[in-house]
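Trainee: Sharing entry23.txt below, compact mmCIF, C-alpha atoms:
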```txt
# COMPACT_ATOMS: atom_id res chain seq x y z
CA MET S 272 25.95 -42.89 78.96
CA PRO S 273 28.23 -43.67 81.90
CA GLU S 274 27.69 -46.86 83.81
CA PRO S 275 25.38 -46.04 86.71
CA SER S 276 27.20 -46.79 89.90
CA LYS S 277 25.57 -48.18 93.00
CA LYS S 278 26.65 -45.36 95.23
CA ILE S 279 26.77 -41.78 94.11
CA SER S 280 30.40 -41.48 93.12
CA LYS S 281 32.56 -38.67 94.49
CA SER S 282 33.10 -36.98 91.14
CA PRO S 283 30.35 -37.90 88.71
CA VAL S 284 31.12 -37.57 85.01
CA HIS S 285 28.67 -35.69 82.83
CA PRO S 286 27.76 -37.62 79.64
CA LEU S 287 29.07 -34.77 77.48
CA ASP S 288 32.39 -34.43 79.31
CA ASP S 289 34.20 -36.37 76.60
CA LEU S 290 33.36 -33.58 74.11
CA LEU S 291 34.23 -30.74 76.50
CA ARG S 292 37.50 -29.15 77.51
CA THR S 293 36.57 -29.70 81.13
CA ASP S 294 39.48 -27.61 82.41
CA ARG S 295 37.67 -24.57 80.93
CA ILE S 296 34.36 -25.42 82.67
CA PRO S 297 32.48 -23.68 84.35
CA HIS S 298 32.23 -21.51 81.26
CA ILE S 299 31.95 -17.71 81.18
CA TRP S 300 28.29 -17.53 80.17
CA CYS S 301 26.10 -15.77 82.76
CA SER S 302 23.63 -17.50 85.02
CA GLY S 303 20.47 -18.08 82.99
CA CYS S 304 22.14 -17.53 79.61
CA GLY S 305 20.79 -19.90 76.97
CA THR S 306 24.01 -20.24 75.00
CA GLY S 307 25.09 -23.12 77.23
CA THR S 308 21.88 -25.02 76.52
CA ALA S 309 22.20 -24.47 72.77
CA PHE S 310 25.83 -25.58 72.97
CA SER S 311 24.99 -28.69 74.97
CA SER S 312 22.22 -29.50 72.50
CA CYS S 313 24.71 -29.13 69.66
CA LEU S 314 27.17 -31.49 71.37
CA THR S 315 24.39 -34.04 71.99
CA ALA S 316 23.47 -33.80 68.31
CA ILE S 317 27.09 -34.30 67.20
CA LYS S 318 27.23 -37.43 69.34
CA ALA S 319 23.88 -38.75 68.17
CA SER S 320 24.48 -38.03 64.48
CA GLY S 321 27.06 -40.80 64.29
CA LEU S 322 29.56 -38.61 62.44
CA GLU S 323 33.21 -39.45 62.80
CA LEU S 324 34.43 -36.94 65.37
CA ASP S 325 37.78 -36.50 63.61
CA ASN S 326 35.92 -34.97 60.69
CA VAL S 327 33.81 -32.53 62.69
CA VAL S 328 34.97 -28.93 63.01
CA MET S 329 33.32 -26.22 65.05
CA ILE S 330 33.89 -22.61 64.07
CA SER S 331 32.76 -19.53 65.97
CA GLY S 332 33.03 -15.82 65.48
CA ILE S 333 33.19 -13.18 68.17
CA GLY S 334 30.63 -12.68 70.92
CA CYS S 335 29.31 -14.66 73.86
CA SER S 336 28.45 -17.67 71.72
CA GLY S 337 31.84 -17.34 70.00
CA ARG S 338 33.37 -18.86 73.11
CA ALA S 339 31.88 -22.22 72.16
CA ALA S 340 34.81 -23.06 69.89
CA GLY S 341 37.08 -22.86 72.91
CA TYR S 342 35.03 -25.25 75.01
CA VAL S 343 34.58 -28.10 72.55
CA LYS S 344 37.16 -30.88 72.48
CA LEU S 345 37.09 -31.18 68.70
CA ASP S 346 39.00 -29.33 66.02
CA SER S 347 37.72 -25.82 66.44
CA TYR S 348 38.45 -22.33 65.30
CA HIS S 349 37.70 -19.04 67.02
CA THR S 350 37.78 -16.59 64.13
CA THR S 351 37.78 -12.83 63.65
CA HIS S 352 34.58 -10.85 64.10
CA GLY S 353 31.87 -11.74 61.59
CA ARG S 354 34.18 -14.02 59.61
CA ALA S 355 33.16 -17.42 60.92
CA ILE S 356 31.43 -18.34 57.64
CA PRO S 357 34.35 -17.36 55.35
CA PHE S 358 36.76 -19.45 57.46
CA ALA S 359 34.27 -22.31 57.40
CA THR S 360 33.80 -22.03 53.64
CA GLY S 361 37.54 -22.17 53.12
CA MET S 362 37.85 -25.18 55.36
CA LYS S 363 35.05 -27.02 53.60
CA LEU S 364 36.45 -26.30 50.12
CA ALA S 365 39.97 -27.30 51.12
CA ASN S 366 38.82 -30.56 52.67
CA PRO S 367 35.30 -31.53 51.54
CA LYS S 368 35.34 -34.55 53.88
CA LEU S 369 34.89 -32.27 56.89
CA ASN S 370 31.57 -31.63 58.55
CA VAL S 371 31.73 -27.96 59.37
CA ILE S 372 29.54 -26.44 62.07
CA VAL S 373 29.38 -22.68 62.52
CA PHE S 374 28.19 -21.85 66.04
CA SER S 375 27.83 -18.13 66.52
CA GLY S 376 25.55 -15.32 67.57
CA ASP S 377 23.12 -13.01 65.82
CA GLY S 378 25.46 -10.02 65.95
CA ASP S 379 28.37 -11.91 64.47
CA LEU S 380 26.39 -13.72 61.77
CA PHE S 381 23.88 -11.05 60.75
CA ALA S 382 25.32 -7.65 61.57
CA ILE S 383 29.05 -7.59 60.83
CA GLY S 384 28.89 -10.96 59.07
CA GLY S 385 25.60 -10.43 57.22
CA ASN S 386 27.11 -10.40 53.77
CA HIS S 387 29.10 -13.56 54.36
CA PHE S 388 25.96 -15.31 55.49
CA ILE S 389 23.85 -14.42 52.46
CA HIS S 390 26.61 -15.32 50.01
CA ALA S 391 27.39 -18.66 51.65
CA ALA S 392 23.65 -19.45 51.47
CA ARG S 393 23.52 -18.32 47.83
CA ARG S 394 26.47 -20.56 46.93
CA ASN S 395 24.95 -23.35 49.00
CA VAL S 396 28.18 -24.21 50.79
CA ASP S 397 27.72 -27.42 52.76
CA LEU S 398 27.75 -25.90 56.27
CA THR S 399 25.56 -26.17 59.36
CA VAL S 400 25.04 -22.70 60.79
CA ILE S 401 23.65 -22.46 64.32
CA CYS S 402 22.76 -18.92 65.33
CA VAL S 403 22.16 -18.22 69.01
CA ASN S 404 19.80 -15.26 68.85
CA ASN S 405 19.64 -13.36 72.13
CA LEU S 406 18.13 -10.24 70.50
CA ASN S 407 20.97 -7.87 71.41
CA TYR S 408 24.75 -7.47 71.52
CA GLY S 409 25.19 -9.27 74.82
CA MET S 410 28.97 -9.32 75.23
CA THR S 411 29.57 -5.62 74.56
CA GLY S 412 26.92 -4.28 76.94
CA GLY S 413 23.49 -4.91 75.46
CA GLN S 414 23.38 -2.51 72.53
CA VAL S 415 20.63 -2.63 69.92
CA ALA S 416 21.23 -5.33 67.30
CA ALA S 417 19.86 -6.12 63.86
CA THR S 418 17.56 -8.65 65.55
CA THR S 419 16.25 -6.54 68.46
CA PRO S 420 12.43 -6.55 68.31
CA PHE S 421 10.57 -3.32 67.57
CA GLN S 422 10.29 -1.13 70.69
CA ALA S 423 12.44 -3.38 72.87
CA LYS S 424 14.73 -1.51 75.25
CA THR S 425 18.49 -1.86 75.03
CA SER S 426 21.37 0.20 76.38
CA THR S 427 21.45 2.32 73.20
CA THR S 428 17.67 2.50 72.69
CA THR S 429 16.53 3.40 76.17
CA THR S 430 13.03 4.41 75.06
CA GLY S 431 12.59 1.42 72.76
CA ASN S 432 14.01 0.25 69.44
CA PRO S 433 12.53 2.37 66.64
CA GLU S 434 13.60 -0.07 63.91
CA ALA S 435 12.16 -3.33 62.60
CA PRO S 436 14.34 -6.43 63.15
CA PHE S 437 15.58 -8.95 60.60
CA ASN S 438 13.42 -11.98 59.97
CA LEU S 439 16.27 -14.48 59.95
CA PRO S 440 14.50 -17.53 58.43
CA LEU S 441 13.16 -15.34 55.61
CA LEU S 442 16.61 -13.87 55.01
CA ALA S 443 18.11 -17.38 54.88
CA TYR S 444 15.35 -18.62 52.57
CA ALA S 445 15.65 -15.68 50.19
CA SER S 446 19.42 -16.20 50.06
CA GLY S 447 19.03 -19.87 49.14
CA ALA S 448 19.52 -21.97 52.29
CA THR S 449 18.34 -25.56 51.91
CA TYR S 450 17.40 -26.29 55.55
CA ILE S 451 15.89 -23.72 57.90
CA ALA S 452 14.55 -24.25 61.41
CA ARG S 453 13.92 -22.12 64.45
CA TRP S 454 13.63 -23.31 68.06
CA THR S 455 14.13 -21.84 71.50
CA ILE S 456 16.32 -23.28 74.23
CA LEU S 457 13.17 -24.52 75.92
CA HIS S 458 12.40 -26.79 72.93
CA THR S 459 15.68 -28.59 73.49
CA ARG S 460 14.71 -31.99 72.13
CA ASP S 461 13.32 -30.53 68.90
CA LEU S 462 16.41 -28.38 68.62
CA THR S 463 18.69 -31.40 69.01
CA ASN S 464 16.72 -33.35 66.38
CA SER S 465 16.94 -30.39 64.03
CA ILE S 466 20.71 -30.14 64.48
CA ILE S 467 21.07 -33.89 63.77
CA GLU S 468 19.04 -33.46 60.56
CA ALA S 469 21.05 -30.41 59.57
CA LEU S 470 24.37 -32.19 60.20
CA ASN S 471 23.36 -35.04 57.92
CA LYS S 472 21.95 -32.69 55.29
CA LYS S 473 23.94 -31.79 52.21
CA GLY S 474 23.83 -28.06 51.61
CA PHE S 475 23.55 -24.88 53.63
CA SER S 476 21.56 -25.50 56.83
CA PHE S 477 20.52 -22.72 59.14
CA ILE S 478 19.09 -23.12 62.63
CA GLU S 479 18.08 -20.13 64.70
CA VAL S 480 17.97 -20.67 68.47
CA LEU S 481 16.18 -18.06 70.58
CA SER S 482 17.97 -17.70 73.86
CA PRO S 483 17.50 -15.49 76.91
CA CYS S 484 20.07 -12.84 77.79
CA PRO S 485 18.98 -12.08 81.36
CA VAL S 486 21.83 -9.71 82.20
CA ASN S 487 21.61 -7.29 79.29
CA TYR S 488 18.39 -7.77 77.34
CA GLY S 489 16.24 -9.23 80.11
CA ARG S 490 17.15 -6.65 82.74
CA ARG S 491 16.17 -3.72 80.52
CA ASN S 492 12.93 -5.36 79.40
CA LYS S 493 11.84 -6.55 82.85
CA GLU S 494 12.34 -10.22 82.09
CA LYS S 495 14.17 -12.59 84.42
CA SER S 496 15.61 -15.63 82.66
CA LEU S 497 12.71 -17.84 83.80
CA ASP S 498 10.22 -15.20 82.57
CA THR S 499 11.83 -15.39 79.14
CA LEU S 500 11.43 -19.17 79.08
CA LYS S 501 7.78 -18.79 80.14
CA LEU S 502 7.33 -16.28 77.32
CA TYR S 503 8.74 -18.85 74.87
CA GLN S 504 6.30 -21.39 76.26
CA GLU S 505 3.28 -19.05 76.04
CA LYS S 506 4.08 -17.31 72.76
CA GLY S 507 5.79 -20.12 70.87
CA ILE S 508 3.64 -21.60 68.11
CA ILE S 509 5.08 -24.78 66.60
CA LYS S 510 4.24 -24.75 62.92
CA ASN S 511 6.44 -26.92 60.72
CA ASN S 512 6.65 -25.94 57.04
CA ALA S 513 5.43 -22.43 57.86
CA ASN S 514 6.02 -19.77 55.24
CA PRO S 515 9.27 -18.00 56.24
CA ALA S 516 7.58 -14.67 55.43
CA ASP S 517 5.35 -15.17 58.49
CA THR S 518 8.15 -15.87 60.95
CA ASP S 519 9.06 -12.36 62.06
CA ILE S 520 9.71 -12.05 65.78
CA ASP S 521 6.84 -10.24 67.45
CA PHE S 522 6.14 -11.38 70.99
CA GLU S 523 2.68 -9.77 70.86
CA LYS S 524 1.38 -12.01 68.11
CA GLY S 525 3.50 -15.08 68.93
CA ILE S 526 6.73 -16.51 67.55
CA ILE S 527 6.51 -19.28 65.00
CA LEU S 528 8.87 -22.19 65.68
CA GLY S 529 9.58 -25.33 63.72
CA LYS S 530 11.33 -26.69 60.68
CA PHE S 531 10.41 -24.35 57.86
CA ILE S 532 12.43 -25.42 54.83
CA ASP S 533 14.03 -28.73 53.81
CA ILE S 534 14.81 -28.76 50.10
CA GLU S 535 17.50 -30.17 47.81
CA ARG S 536 19.77 -28.02 45.67
CA ALA S 537 23.17 -28.61 44.11
CA THR S 538 25.95 -27.59 46.50
CA CYS S 539 28.78 -25.17 45.84
CA ILE S 540 31.33 -27.96 45.28
CA GLU S 541 29.06 -29.95 42.94
CA ASN S 542 28.36 -26.90 40.80
CA TYR S 543 32.03 -25.95 40.71
CA ASP S 544 33.11 -29.42 39.64
CA LYS S 545 30.43 -29.48 36.95
CA THR S 546 31.48 -26.12 35.55
CA CYS S 547 35.22 -25.80 36.08
CA ARG S 548 36.67 -29.31 36.48
CA LEU S 549 35.78 -30.80 33.11
CA VAL S 550 38.33 -33.59 33.01
CA MET O 1025 1.33 -35.61 87.47
CA THR O 1026 -2.44 -35.05 87.29
CA TYR O 1027 -4.46 -36.28 84.34
CA TRP O 1028 -7.99 -35.30 83.41
CA ARG O 1029 -8.56 -39.03 82.94
CA VAL O 1030 -6.37 -42.04 83.63
CA PRO O 1031 -4.76 -43.32 80.40
CA PHE O 1032 -6.12 -46.74 79.34
CA ASP O 1033 -2.71 -48.37 79.42
CA ALA O 1034 -1.64 -46.73 82.69
CA ASN O 1035 -1.17 -50.11 84.38
CA ASP O 1036 0.90 -51.63 81.59
CA ILE O 1037 3.44 -48.88 81.35
CA GLU O 1038 6.61 -49.47 83.26
CA ILE O 1039 7.94 -46.17 84.52
CA SER O 1040 11.70 -45.87 84.27
CA LYS O 1041 13.65 -44.99 87.38
CA GLY O 1042 16.64 -42.77 87.48
CA ILE O 1043 19.26 -41.27 89.73
CA VAL O 1044 20.03 -37.60 89.37
CA TYR O 1045 23.67 -36.52 89.68
CA ILE O 1046 24.53 -32.90 90.42
CA LEU O 1047 27.97 -31.40 89.85
CA ASP O 1048 27.68 -28.66 92.46
CA ASP O 1049 30.66 -26.54 91.51
CA ARG O 1050 29.55 -26.06 87.90
CA CYS O 1051 26.10 -24.74 88.86
CA LYS O 1052 25.27 -21.05 88.47
CA GLY O 1053 21.87 -21.26 90.11
CA CYS O 1054 19.66 -20.35 87.13
CA GLY O 1055 16.92 -22.67 88.42
CA TYR O 1056 15.92 -24.10 85.01
CA CYS O 1057 16.16 -27.71 86.19
CA ILE O 1058 14.12 -26.92 89.30
CA GLU O 1059 11.40 -25.12 87.34
CA TYR O 1060 11.11 -27.64 84.51
CA CYS O 1061 11.55 -30.98 86.32
CA PRO O 1062 8.28 -32.79 85.45
CA LYS O 1063 8.29 -34.46 88.88
CA HIS O 1064 9.19 -31.26 90.76
CA MET O 1065 11.78 -33.22 92.71
CA LEU O 1066 14.54 -30.59 92.81
CA GLN O 1067 14.95 -27.54 95.01
CA PHE O 1068 17.65 -24.99 95.79
CA SER O 1069 19.93 -26.25 98.54
CA LYS O 1070 20.93 -24.14 101.51
CA LYS O 1071 24.65 -24.62 100.88
CA PHE O 1072 26.85 -22.49 98.64
CA ASN O 1073 29.15 -23.85 95.96
CA LYS O 1074 32.65 -22.57 95.16
CA LYS O 1075 31.30 -19.61 93.21
CA GLY O 1076 28.68 -18.67 95.79
CA TYR O 1077 25.58 -20.04 94.07
CA HIS O 1078 23.02 -22.38 95.60
CA PRO O 1079 23.12 -25.60 93.55
CA PRO O 1080 19.95 -27.72 93.35
CA VAL O 1081 19.40 -30.75 95.53
CA ALA O 1082 16.97 -33.63 95.06
CA LYS O 1083 14.26 -33.34 97.71
CA ASN O 1084 12.82 -36.77 96.94
CA PRO O 1085 15.44 -38.61 94.88
CA ASP O 1086 13.22 -41.67 94.39
CA ASP O 1087 10.82 -39.70 92.17
CA CYS O 1088 13.29 -39.37 89.29
CA VAL O 1089 11.96 -41.03 86.12
CA ASN O 1090 15.17 -40.55 84.14
CA CYS O 1091 13.62 -38.23 81.55
CA HIS O 1092 16.95 -36.35 81.12
CA TYR O 1093 15.18 -32.99 80.83
CA CYS O 1094 17.32 -31.39 83.57
CA GLU O 1095 20.37 -32.66 81.74
CA ILE O 1096 19.42 -31.12 78.39
CA ILE O 1097 18.10 -27.78 79.71
CA CYS O 1098 21.07 -27.18 82.02
CA PRO O 1099 23.34 -24.56 80.40
CA GLU O 1100 26.22 -25.48 82.70
CA PHE O 1101 26.71 -29.25 82.18
CA ALA O 1102 26.07 -29.48 85.92
CA ILE O 1103 23.28 -32.05 86.22
CA TYR O 1104 22.42 -35.34 84.57
CA SER O 1105 20.42 -38.43 85.24
CA ALA O 1106 21.27 -42.07 84.72
CA GLU O 1107 19.16 -45.19 84.83
CA ALA O 1108 18.79 -46.62 88.32
CA GLU O 1109 20.34 -50.03 88.67
CA GLU O 1110 17.54 -51.94 90.38
CA ASP O 1111 15.54 -51.54 87.17
CA LYS O 1112 17.62 -54.19 85.42
```
Please go through the file and, once you have read it, give me the structure as structure tokens.

Mentor:
Amino acid sequence: MPEPSKKISKSPVHPLDDLLRTDRIPHIWCSGCGTGTAFSSCLTAIKASGLELDNVVMISGIGCSGRAAGYVKLDSYHTTHGRAIPFATGMKLANPKLNVIVFSGDGDLFAIGGNHFIHAARRNVDLTVICVNNLNYGMTGGQVAATTPFQAKTSTTTTGNPEAPFNLPLLAYASGATYIARWTILHTRDLTNSIIEALNKKGFSFIEVLSPCPVNYGRRNKEKSLDTLKLYQEKGIIKNNANPADTDIDFEKGIILGKFIDIERATCIENYDKTCRLV
Amino acid sequence: MTYWRVPFDANDIEISKGIVYILDDRCKGCGYCIEYCPKHMLQFSKKFNKKGYHPPVAKNPDDCVNCHYCEIICPEFAIYSAEAEEDK
């Protein structure tokens, strides 16, 4: 925290400015977009986790949330579309000392990058994956995504989405992730605590962050950004250790939030050393 | 804040005091800090910032209890609170 000054200084310094490329701020995210809140929560968690900042790497794919890698004043990598996890895996295997954070969106991680996600979880690569889920492809014009709720309107499903969405915590659990949590940007403190836990956890950690997209998703579904936050407040049910099979996103019956899974399993590197490095 | 009954230790609790700092030119006017301030001490200002948004302004700055909620909900890194000095 900066020293509080007696008078309000001319140019106050935000407590996270030391982790930000301030010349790039204000960022490109729209007014009311939740990516900024998820990003700020991630930076707060990096600070609070006590990790050595030289060993923290942030990797993003393509999409709105992919811009995060460009705003953080740490080693960071803005990768090709859907390939954030493969780059992160390579980085972790090449230098196991690193603490690798993948900060990306639902389209990047679960549509084009879906296979990379399930295989990294299966191998239990020691990564922290933060998925900003805004329920549509925000950057490209609000098309239907693999996470768009049933019957929600998007620019390509003008009468409502006829398909069922992915249940991301269940997908992560079935693939073998060792830490799974879901929060919204309104539950910022819980989200930050979850990210701290995930950063200090050995193994594949996955945190889903529900975030409003007022310009593309909200506009077509008659939700202003504050309405979306109120919906999170009304429909969010905090239930730690819930069965991931019950966590599908259905705003009618309520969305289950919390820390669902926290288990131990041998990581990718441990298993490799045990099997292939028998010196 | 209104309670349905006064907490038993209401008199023993020392309420922290804070100062809220607003970085006007980073604000995009989403209104999250205004809506979710537990003391309802912020409001949209009349002035415009560089990008043409109305940044928030503290209507009664003395009410701030330094809870940092505006700081952590703000997507723009545009507002934060710090402990007020007279507390020490």

Trainee: What residues in chain S lie within 8 Å of chain O, counting only C-alpha atoms, written as a count of residues only?

Mentor: 32

Trainee: Interatomic distance between CA of Tyr348 in chain S and CA of Leu406 in chain S?

Mentor: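 About the pair CA of Tyr348 in chain S and CA of Leu406 in chain S: they are 24.2 Å apart.
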
Trainee: Can you pull out the residues contacting Asn492 in chain S? Cut-off 7 Å, using only C-alpha atoms, and skip same-chain residues under 3 positions away; I want them as a JSON list (two decimals) with C-alpha atoms, in the coordinates of the input.

Mentor:
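And here is the file that came out, result-v3.json:
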```json
[["chain", "number", "residue", "atom", "x", "y", "z"],
["S", 423, "ALA", "CA", 12.44, -3.38, 72.87],
["S", 424, "LYS", "CA", 14.73, -1.51, 75.25],
["S", 488, "TYR", "CA", 18.39, -7.77, 77.34],
["S", 489, "GLY", "CA", 16.24, -9.23, 80.11]]
```

Trainee: Tell me, in Å to one decimal, how far CA of Thr499 in chain S is from CA of Cys484 in chain S.

Mentor: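 According to the coordinates, CA of Thr499 in chain S and CA of Cys484 in chain S are separated by 8.7 Å.
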
Trainee: Which residues, written as a PyMOL selection string, have at least one atom at most 12 Å from Asn386 in chain S, with all atoms listed in the file counted and residues fewer than 3 positions away on the same chain left out?

Mentor: chain S and resi 353-357+379-383+389-393+442-443+446

Trainee: Can you sort out the box for range 442-458 of chain S, edges along x, y and z, all listed atoms in, 3 Å on every side, with centre and edge lengths in Å to one decimal, as lines of an AutoDock Vina configuration file?

Mentor:
```
center_x = 16.0
center_y = -20.3
center_z = 62.5
size_x = 13.1
size_y = 18.9
size_z = 32.8
```

Trainee: Would you list the contacts of Pro433 in chain S as JSON, numbers by chain, taking every protein, DNA or RNA residue within 9 Å and counting all atoms listed in the file, but skipping same-chain residues closer than 3 positions in sequence?

Mentor: {"S": [421, 422, 423, 428, 430]}

Trainee: Write range 523-542 of chain S as a short mmCIF file (atom, residue, chain, number, x, y, z; two decimals), in the coordinates of the input, completed to N, CA, C and O atoms.

Mentor:
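rebuild.cif was written with the following content:
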```
data_model
loop_
_atom_site.label_atom_id
_atom_site.label_comp_id
_atom_site.auth_asym_id
_atom_site.auth_seq_id
_atom_site.Cartn_x
_atom_site.Cartn_y
_atom_site.Cartn_z
N GLU S 523 4.11 -10.05 70.69
CA GLU S 523 2.68 -9.77 70.86
C GLU S 523 1.84 -10.82 70.15
O GLU S 523 0.90 -11.38 70.70
N LYS S 524 2.21 -11.10 68.89
CA LYS S 524 1.38 -12.01 68.11
C LYS S 524 1.86 -13.47 68.18
O LYS S 524 1.18 -14.36 67.70
N GLY S 525 3.00 -13.71 68.81
CA GLY S 525 3.50 -15.08 68.93
C GLY S 525 4.65 -15.33 67.97
O GLY S 525 4.71 -14.75 66.89
N ILE S 526 5.57 -16.22 68.41
CA ILE S 526 6.73 -16.51 67.55
C ILE S 526 6.53 -17.90 66.97
O ILE S 526 6.26 -18.85 67.70
N ILE S 527 6.69 -18.00 65.67
CA ILE S 527 6.51 -19.28 65.00
C ILE S 527 7.82 -20.07 65.07
O ILE S 527 8.88 -19.55 64.74
N LEU S 528 7.71 -21.31 65.55
CA LEU S 528 8.87 -22.19 65.68
C LEU S 528 8.66 -23.39 64.76
O LEU S 528 7.53 -23.69 64.38
N GLY S 529 9.72 -24.10 64.48
CA GLY S 529 9.58 -25.33 63.72
C GLY S 529 10.62 -25.45 62.64
O GLY S 529 11.55 -24.65 62.55
N LYS S 530 10.46 -26.50 61.84
CA LYS S 530 11.33 -26.69 60.68
C LYS S 530 10.60 -26.11 59.50
O LYS S 530 9.51 -26.56 59.15
N PHE S 531 11.15 -25.06 58.89
CA PHE S 531 10.41 -24.35 57.86
C PHE S 531 10.74 -24.87 56.45
O PHE S 531 9.86 -25.01 55.63
N ILE S 532 12.01 -25.09 56.19
CA ILE S 532 12.43 -25.42 54.83
C ILE S 532 13.34 -26.64 54.87
O ILE S 532 14.21 -26.74 55.73
N ASP S 533 13.14 -27.58 53.96
CA ASP S 533 14.03 -28.73 53.81
C ASP S 533 13.99 -29.12 52.33
O ASP S 533 13.14 -29.91 51.93
N ILE S 534 14.85 -28.51 51.54
CA ILE S 534 14.81 -28.76 50.10
C ILE S 534 16.19 -29.24 49.61
O ILE S 534 17.16 -29.19 50.34
N GLU S 535 16.24 -29.71 48.39
CA GLU S 535 17.50 -30.17 47.81
C GLU S 535 17.94 -29.18 46.73
O GLU S 535 17.11 -28.69 45.97
N ARG S 536 19.23 -28.91 46.68
CA ARG S 536 19.77 -28.02 45.67
C ARG S 536 21.24 -28.39 45.52
O ARG S 536 21.86 -28.82 46.49
N ALA S 537 21.77 -28.25 44.32
CA ALA S 537 23.17 -28.61 44.11
C ALA S 537 24.07 -27.74 44.97
O ALA S 537 23.85 -26.53 45.08
N THR S 538 25.08 -28.36 45.60
CA THR S 538 25.95 -27.59 46.50
C THR S 538 27.01 -26.85 45.69
O THR S 538 27.22 -27.10 44.50
N CYS S 539 27.70 -25.99 46.40
CA CYS S 539 28.78 -25.17 45.84
C CYS S 539 29.82 -26.05 45.14
O CYS S 539 30.18 -25.81 43.99
N ILE S 540 30.27 -27.12 45.83
CA ILE S 540 31.33 -27.96 45.28
C ILE S 540 30.84 -28.71 44.05
O ILE S 540 31.54 -28.78 43.02
N GLU S 541 29.62 -29.22 44.10
CA GLU S 541 29.06 -29.95 42.94
C GLU S 541 28.99 -29.04 41.71
O GLU S 541 29.39 -29.43 40.61
N ASN S 542 28.49 -27.83 41.92
CA ASN S 542 28.36 -26.90 40.80
C ASN S 542 29.72 -26.50 40.25
O ASN S 542 29.89 -26.33 39.04
#
```
